[in-house]
Amino acid sequence: MGTATLQLTRPNTIESSERLLQQIVADSSQRLDLRIPHALKGDDLGGLASTLQVIATWARRNPHGRLHTYVPSIHDQSSLENLLEHDHGLFSVLMAPVVVDRSGNDITYAARRDAIRRLDRIADFSGAKRGSEALIAAADHTSRHEPEALYTPARGSANGKLRNEGAMARLVREFGGLVQVGPRSKELLFQNVDPIAQILHELLDNTHRYARFHTDGLTALNPSVRLVKAEAVGQSLDVLARRVRNQPLLYNYLRHESHESPLYQESVVRDMRRFLEISVLDTGPGIAARRLDELQQSDKPSLPMEISALFDCLRKHVTTSSNTSRGLGLDHVQSTLTTLRGFIRIRTGRVELIRDFIASPYSPLEDQALKWDLDLAEQSRQDICGSLVTMLIPTNFRRGT
């Protein structure tokens with residue numbers, strides 16, 4: 001079997017992520033290694049989170065693949081720690097079958113040991129650094145699968161429980177305190193803590209219930225990583241428009257007339273756009289997979305079948321759980337994002353769904369196919385690992401005015 005190497009470089013955009021994914025699928029006949037730089041930042045709204053999902057897909061498709069780093073050697077502790085301070089470095093090490101240094105020497109044990117140490121430092125934000133972004137991760141295939149910020153401590157041999165919506169509000173406040181959204185934007189963000197906490201709870205509850213196992217709900221996935229990532233976005237409209245010039249729906253969202261209405265804060269420069277970007281990522285079977293399994297359509301379903309199953313999961317009270325009083329939570333997410341005048345992108349399986357909740361507010365009886373933007377071309381998207389939900393929440397709007 002031959003070997004090829006995929007190199008992660010900038011720009012890190014949604015578009016570049018899809019190109020990398022095509023390379024992963026194209027090289028399926030040989031072992032594909034991955035080479036990552038020490039530093040990697042998103043060049044697009046949602047770009048870095050999309051790159052993380054591509055890394056997960058590489059790891060899942062290449063169980064014998066090697067993660068190539070620029071760490072000089074196993075003895076260069078500072079270089080390895082520096083790599084793991086970056087989200088892509090931490091995530092790659094947690095997902096990769098084998099990690100090697102610059103000379104090709106196996107440093108898997110040391111890399112994973114230090115990755116777990118970083119998980120410990122950020123588990124309750126005590127070791128988090130203030131900056132433009134913050135992350136909390138659960139690595140289900142390790143002993144650090146229940147970070148304190150997301151789970152109540154386990155008692156005895158029992159597993160901990162995902163924190164409730166009230167406790168999840170602390171997570172939102174911590175994110176707001178760590179990421180640089182600006183003082184006035186932070187004030188408005190904190191006014192919206194409760195609805196944002198509800199969204200996070202719904203999405204993280206979905207990952208807890210459905211993303212840790214195969215579609216049978218019994219066989220644990222290894223590796224399995226679930227994370228929530230928050231990033232402050234604060235730039236002029238012209239700069240942001242250039243960053244999203246290849247994403248027409250997001251471009252229109254940024255320029256939407258509602259941003260120029262009296263809802264917009266007079267104390268903020270009118271050309272500025274400020275958002276909290278939140279991504280929830282898992283490496284599970286995908287949002288539609290459990291629904292397809294329930295419908296006994298999991299064996300090579302067509303793209304229309306996959307889209308139909310995904311839309312089922314977006315509707316209220318459609319569930320793969322035995323508890324029929326609850327759905328998969330995405331109905332509530334859409335309703336809350338309408339209140340917050342948000343934007344969302346969902347990437348799972350072969351499907352990408354996008355929605356502007358200003359131009360297209362949610363209603364419970366809506367026709368999903370008419371409300372979401374999606375590309376129905378059969379070859380438009382390659383099959384990607386897990387599920388990624390990225391949301392933009394304005395932090396210079398007054399809610400309910």
# chains A, B, ... in the order shown; residues from 1 in each chain; ligands from 1

$ residues_around --residues "stretch 2-17 of chain A" --least-positions-apart "5" --cutoff "7 Å" --atoms "only C-alpha atoms" --output "list in words"
Gln30, Arg31, Leu32, Asp33, Leu34, Arg35, Ile36, Pro37, Lys41, Gly42, Asp43, Asp44, Gly46, Gly47, Leu48, Ser50, Thr51 and Val54 of chain A

$ residues_around --residues "A:Arg118" --least-positions-apart "2" --cutoff "12 Å" --atoms "only C-alpha atoms" --output "count of residues only"
36

$ closest_atom_pairs --of "stretch 279-300 of chain A" --to "stretch 306-314 of chain A" --cutoff "12 Å" --atoms "only C-alpha atoms" --output "CSV"
residue,atom,partner,partner_atom,distance
A:Gly286,CA,A:Leu310,CA,9.3
A:Ile287,CA,A:Leu310,CA,6.5
A:Ala288,CA,A:Leu310,CA,4.8
A:Ala289,CA,A:Ala309,CA,8.0
A:Arg290,CA,A:Ala309,CA,8.9
A:Arg291,CA,A:Ala309,CA,6.0
A:Leu292,CA,A:Ala309,CA,6.2
A:Asp293,CA,A:Ala309,CA,9.9
A:Glu294,CA,A:Ala309,CA,10.0
A:Leu295,CA,A:Ala309,CA,8.9
A:Gln296,CA,A:Ala309,CA,11.4
A:Gln297,CA,A:Glu306,CA,9.0
A:Ser298,CA,A:Glu306,CA,9.1
A:Asp299,CA,A:Glu306,CA,11.1
A:Lys300,CA,A:Glu306,CA,9.6

$ write_last_selection --atoms "N, CA, C and O atoms" --output "mmCIF file, in the first residue's frame"
data_model
loop_
_atom_site.group_PDB
_atom_site.id
_atom_site.type_symbol
_atom_site.label_atom_id
_atom_site.label_comp_id
_atom_site.auth_asym_id
_atom_site.auth_seq_id
_atom_site.Cartn_x
_atom_site.Cartn_y
_atom_site.Cartn_z
ATOM 1 N N GLY A 286 -23.158 11.000 12.815
ATOM 2 C CA GLY A 286 -23.860 12.028 12.050
ATOM 3 C C GLY A 286 -25.299 12.174 12.511
ATOM 4 O O GLY A 286 -25.904 11.227 13.033
ATOM 5 N N ILE A 287 -25.857 13.357 12.329
ATOM 6 C CA ILE A 287 -27.200 13.644 12.837
ATOM 7 C C ILE A 287 -28.247 12.712 12.233
ATOM 8 O O ILE A 287 -29.131 12.201 12.926
ATOM 9 N N ALA A 288 -28.157 12.470 10.928
ATOM 10 C CA ALA A 288 -29.194 11.687 10.250
ATOM 11 C C ALA A 288 -29.013 10.186 10.425
ATOM 12 O O ALA A 288 -29.946 9.424 10.175
ATOM 13 N N ALA A 289 -27.828 9.736 10.853
ATOM 14 C CA ALA A 289 -27.515 8.306 10.841
ATOM 15 C C ALA A 289 -28.446 7.483 11.722
ATOM 16 O O ALA A 289 -28.923 6.416 11.323
ATOM 17 N N ARG A 290 -28.705 7.958 12.957
ATOM 18 C CA ARG A 290 -29.587 7.196 13.848
ATOM 19 C C ARG A 290 -31.001 7.139 13.308
ATOM 20 O O ARG A 290 -31.693 6.118 13.423
ATOM 21 N N ARG A 291 -31.458 8.233 12.704
ATOM 22 C CA ARG A 291 -32.799 8.248 12.121
ATOM 23 C C ARG A 291 -32.887 7.264 10.957
ATOM 24 O O ARG A 291 -33.864 6.531 10.825
ATOM 25 N N LEU A 292 -31.867 7.226 10.116
ATOM 26 C CA LEU A 292 -31.845 6.285 8.995
ATOM 27 C C LEU A 292 -31.822 4.852 9.496
ATOM 28 O O LEU A 292 -32.459 3.964 8.910
ATOM 29 N N ASP A 293 -31.089 4.603 10.571
ATOM 30 C CA ASP A 293 -31.043 3.258 11.146
ATOM 31 C C ASP A 293 -32.407 2.861 11.686
ATOM 32 O O ASP A 293 -32.850 1.720 11.520
ATOM 33 N N GLU A 294 -33.076 3.816 12.320
ATOM 34 C CA GLU A 294 -34.422 3.552 12.846
ATOM 35 C C GLU A 294 -35.396 3.219 11.721
ATOM 36 O O GLU A 294 -36.267 2.352 11.867
ATOM 37 N N LEU A 295 -35.232 3.894 10.584
ATOM 38 C CA LEU A 295 -36.090 3.658 9.422
ATOM 39 C C LEU A 295 -35.601 2.497 8.570
ATOM 40 O O LEU A 295 -36.174 2.215 7.517
ATOM 41 N N GLN A 296 -34.532 1.813 9.035
ATOM 42 C CA GLN A 296 -33.929 0.686 8.321
ATOM 43 C C GLN A 296 -33.501 1.082 6.910
ATOM 44 O O GLN A 296 -33.689 0.352 5.952
ATOM 45 N N GLN A 297 -32.908 2.275 6.832
ATOM 46 C CA GLN A 297 -32.427 2.781 5.555
ATOM 47 C C GLN A 297 -30.949 3.164 5.653
ATOM 48 O O GLN A 297 -30.459 4.018 4.924
ATOM 49 N N SER A 298 -30.227 2.529 6.575
ATOM 50 C CA SER A 298 -28.847 2.915 6.832
ATOM 51 C C SER A 298 -27.845 2.311 5.853
ATOM 52 O O SER A 298 -26.689 2.690 5.835
ATOM 53 N N ASP A 299 -28.267 1.344 5.037
ATOM 54 C CA ASP A 299 -27.368 0.691 4.094
ATOM 55 C C ASP A 299 -27.321 1.474 2.786
ATOM 56 O O ASP A 299 -28.193 1.352 1.932
ATOM 57 N N LYS A 300 -26.287 2.312 2.657
ATOM 58 C CA LYS A 300 -26.065 3.138 1.480
ATOM 59 C C LYS A 300 -27.314 3.923 1.067
ATOM 60 O O LYS A 300 -27.848 3.756 -0.032
#

$ residues_around --residues "A:Lys161" --least-positions-apart "4" --cutoff "9 Å" --atoms "only C-alpha atoms" --output "number ranges by chain"
A: 146, 150-154

$ write_last_selection --atoms "N, CA, C and O atoms" --output "PDB file, in the first residue's frame"
ATOM      1  N   GLU A 146     -15.441  13.740  30.741  1.00  0.00           N
ATOM      2  CA  GLU A 146     -16.512  14.528  31.340  1.00  0.00           C
ATOM      3  C   GLU A 146     -15.927  15.803  31.964  1.00  0.00           C
ATOM      4  O   GLU A 146     -15.761  15.898  33.177  1.00  0.00           O
ATOM      5  N   LEU A 150     -18.897  20.978  31.680  1.00  0.00           N
ATOM      6  CA  LEU A 150     -20.063  20.395  31.008  1.00  0.00           C
ATOM      7  C   LEU A 150     -20.793  19.363  31.844  1.00  0.00           C
ATOM      8  O   LEU A 150     -21.984  19.126  31.635  1.00  0.00           O
ATOM      9  N   TYR A 151     -20.089  18.723  32.776  1.00  0.00           N
ATOM     10  CA  TYR A 151     -20.673  17.599  33.524  1.00  0.00           C
ATOM     11  C   TYR A 151     -20.573  17.820  35.020  1.00  0.00           C
ATOM     12  O   TYR A 151     -19.618  18.423  35.521  1.00  0.00           O
ATOM     13  N   THR A 152     -21.561  17.291  35.739  1.00  0.00           N
ATOM     14  CA  THR A 152     -21.467  17.232  37.186  1.00  0.00           C
ATOM     15  C   THR A 152     -20.492  16.119  37.540  1.00  0.00           C
ATOM     16  O   THR A 152     -20.393  15.123  36.824  1.00  0.00           O
ATOM     17  N   PRO A 153     -19.732  16.251  38.630  1.00  0.00           N
ATOM     18  CA  PRO A 153     -18.752  15.213  38.982  1.00  0.00           C
ATOM     19  C   PRO A 153     -19.417  13.864  39.214  1.00  0.00           C
ATOM     20  O   PRO A 153     -20.515  13.769  39.771  1.00  0.00           O
ATOM     21  N   ALA A 154     -18.741  12.798  38.763  1.00  0.00           N
ATOM     22  CA  ALA A 154     -19.256  11.444  38.954  1.00  0.00           C
ATOM     23  C   ALA A 154     -19.127  11.047  40.416  1.00  0.00           C
ATOM     24  O   ALA A 154     -18.216  11.469  41.118  1.00  0.00           O
TER      25      ALA A 154
END

$ residues_around --residues "A:Leu254" --least-positions-apart "2" --cutoff "12 Å" --atoms "only C-alpha atoms" --output "PyMOL selection string"
chain A and resi 45+233-245+247-252+256-260+271-275+341-343+356-359+392-394

$ write_last_selection --atoms "N, CA and C atoms" --output "CSV table (one decimal), in the first residue's frame"
chain,number,residue,atom,x,y,z
A,45,LEU,N,-15.3,32.9,8.6
A,45,LEU,CA,-16.3,32.6,9.7
A,45,LEU,C,-16.6,31.1,9.7
A,233,VAL,N,-16.1,37.6,17.1
A,233,VAL,CA,-15.9,38.2,15.8
A,233,VAL,C,-16.3,39.7,15.9
A,234,GLY,N,-15.3,40.5,15.6
A,234,GLY,CA,-15.6,42.0,15.7
A,234,GLY,C,-14.8,42.7,14.6
A,235,GLN,N,-15.4,43.0,13.5
A,235,GLN,CA,-14.7,43.6,12.4
A,235,GLN,C,-15.7,44.5,11.6
A,236,SER,N,-15.1,45.3,10.8
A,236,SER,CA,-15.9,46.2,9.9
A,236,SER,C,-16.7,45.3,8.9
A,237,LEU,N,-17.8,45.9,8.4
A,237,LEU,CA,-18.6,45.2,7.5
A,237,LEU,C,-17.8,44.9,6.2
A,238,ASP,N,-17.0,45.8,5.8
A,238,ASP,CA,-16.2,45.6,4.5
A,238,ASP,C,-15.2,44.4,4.7
A,239,VAL,N,-14.6,44.3,5.8
A,239,VAL,CA,-13.6,43.2,6.1
A,239,VAL,C,-14.3,41.9,6.1
A,240,LEU,N,-15.4,41.9,6.9
A,240,LEU,CA,-16.2,40.6,7.0
A,240,LEU,C,-16.7,40.2,5.6
A,241,ALA,N,-17.2,41.1,4.9
A,241,ALA,CA,-17.8,40.8,3.5
A,241,ALA,C,-16.7,40.2,2.6
A,242,ARG,N,-15.5,40.7,2.7
A,242,ARG,CA,-14.4,40.1,1.9
A,242,ARG,C,-14.1,38.7,2.4
A,243,ARG,N,-14.2,38.4,3.7
A,243,ARG,CA,-13.9,37.1,4.2
A,243,ARG,C,-15.0,36.1,3.8
A,244,VAL,N,-16.2,36.5,3.5
A,244,VAL,CA,-17.3,35.6,3.2
A,244,VAL,C,-17.8,35.8,1.8
A,245,ARG,N,-16.9,36.3,0.9
A,245,ARG,CA,-17.4,36.6,-0.5
A,245,ARG,C,-17.8,35.4,-1.2
A,247,GLN,N,-19.6,33.0,0.2
A,247,GLN,CA,-20.7,32.4,0.9
A,247,GLN,C,-21.9,33.4,0.8
A,248,PRO,N,-22.6,33.4,-0.3
A,248,PRO,CA,-23.7,34.4,-0.6
A,248,PRO,C,-24.7,34.6,0.6
A,249,LEU,N,-25.1,33.5,1.2
A,249,LEU,CA,-26.2,33.6,2.2
A,249,LEU,C,-25.6,34.3,3.4
A,250,LEU,N,-24.4,34.0,3.8
A,250,LEU,CA,-23.7,34.7,5.0
A,250,LEU,C,-23.4,36.1,4.6
A,251,TYR,N,-23.0,36.4,3.4
A,251,TYR,CA,-22.8,37.8,2.9
A,251,TYR,C,-24.0,38.6,3.1
A,252,ASN,N,-25.1,38.1,2.6
A,252,ASN,CA,-26.4,38.8,2.7
A,252,ASN,C,-26.8,39.0,4.2
A,256,HIS,N,-27.7,42.5,6.1
A,256,HIS,CA,-29.1,42.6,6.2
A,256,HIS,C,-29.6,43.9,6.8
A,257,GLU,N,-30.7,44.4,6.3
A,257,GLU,CA,-31.1,45.7,6.8
A,257,GLU,C,-31.4,45.8,8.3
A,258,SER,N,-31.7,44.6,8.9
A,258,SER,CA,-32.0,44.6,10.3
A,258,SER,C,-30.8,45.1,11.1
A,259,HIS,N,-29.6,44.9,10.5
A,259,HIS,CA,-28.4,45.3,11.2
A,259,HIS,C,-28.3,46.8,11.2
A,260,GLU,N,-29.0,47.5,10.4
A,260,GLU,CA,-28.9,48.9,10.3
A,260,GLU,C,-30.2,49.6,10.9
A,271,ASP,N,-20.6,50.8,11.3
A,271,ASP,CA,-20.0,49.8,10.3
A,271,ASP,C,-19.5,48.6,11.0
A,272,MET,N,-19.4,48.5,12.3
A,272,MET,CA,-18.9,47.3,12.9
A,272,MET,C,-19.9,46.2,13.0
A,273,ARG,N,-19.5,45.0,12.9
A,273,ARG,CA,-20.3,43.8,13.2
A,273,ARG,C,-19.7,43.0,14.3
A,274,ARG,N,-20.4,42.7,15.3
A,274,ARG,CA,-19.9,42.0,16.5
A,274,ARG,C,-20.7,40.7,16.7
A,275,PHE,N,-20.1,39.6,16.8
A,275,PHE,CA,-20.8,38.3,17.0
A,275,PHE,C,-20.0,37.5,18.0
A,341,ARG,N,-31.8,36.5,16.4
A,341,ARG,CA,-31.4,37.0,15.1
A,341,ARG,C,-30.1,36.4,14.6
A,342,GLY,N,-30.0,35.1,14.8
A,342,GLY,CA,-28.7,34.4,14.5
A,342,GLY,C,-28.6,33.8,13.1
A,343,PHE,N,-27.5,33.1,12.9
A,343,PHE,CA,-27.2,32.4,11.7
A,343,PHE,C,-26.6,31.1,12.0
A,356,ASP,N,-30.3,31.8,7.6
A,356,ASP,CA,-30.3,33.2,8.1
A,356,ASP,C,-31.6,33.4,8.8
A,357,PHE,N,-31.6,33.5,10.2
A,357,PHE,CA,-32.8,33.6,10.9
A,357,PHE,C,-33.4,35.0,11.0
A,358,ILE,N,-32.7,35.9,10.4
A,358,ILE,CA,-33.3,37.2,10.2
A,358,ILE,C,-34.2,37.2,8.9
A,359,ALA,N,-33.6,36.8,7.8
A,359,ALA,CA,-34.4,36.7,6.6
A,359,ALA,C,-35.4,35.6,6.6
A,392,LEU,N,-23.7,32.0,14.5
A,392,LEU,CA,-23.3,33.4,14.7
A,392,LEU,C,-24.4,34.1,15.5
A,393,ILE,N,-24.1,34.6,16.7
A,393,ILE,CA,-25.1,35.3,17.5
A,393,ILE,C,-24.6,36.8,17.6
A,394,PRO,N,-25.4,37.7,17.1
A,394,PRO,CA,-25.0,39.1,17.2
A,394,PRO,C,-24.9,39.6,18.7

$ residues_around --residues "A:Arg381" --least-positions-apart "6" --cutoff "8 Å" --atoms "only C-alpha atoms" --output "MDAnalysis selection string"
chainID A and resid 18 350:352

$ atom_distance --atom1 "atom CA of A:Thr348" --atom2 "atom CA of A:Val389"
8.7 Å

$ closest_atom_pairs --of "stretch 124-240 of chain A" --to "stretch 329-338 of chain A" --cutoff "7 Å" --atoms "only C-alpha atoms" --output "JSON lines"
{"residue": "A:Pro195", "atom": "CA", "partner": "A:Thr336", "partner_atom": "CA", "distance": 6.4}
{"residue": "A:Ile199", "atom": "CA", "partner": "A:Val333", "partner_atom": "CA", "distance": 5.3}
{"residue": "A:Glu202", "atom": "CA", "partner": "A:Gly329", "partner_atom": "CA", "distance": 5.2}
{"residue": "A:Leu203", "atom": "CA", "partner": "A:Gly329", "partner_atom": "CA", "distance": 6.9}

$ select_by_dssp --residues "stretch 172-350 of chain A" --states "strand (DSSP E or B)" --output "ChimeraX atom specification"
/A:179,213,220,225-236,264,272-282,343-349

$ atom_distance --atom1 "atom CA of A:Arg209" --atom2 "atom CA of A:Asn222"
15.8 Å

$ closest_residue --among "A:Ala49, A:Leu281, A:Leu21, A:Ile384" --to "A:Glu231" --atoms "only C-alpha atoms"
A:Ala49

$ select_by_dssp --residues "stretch 171-359 of chain A" --states "alpha helix (DSSP H)" --output "PyMOL selection string"
chain A and resi 171-178+183-191+193-210+237-243+248-254+287-294+303-314+330-340

$ atom_distance --atom1 "atom CA of A:Tyr109" --atom2 "atom CA of A:Thr57"
21.9 Å
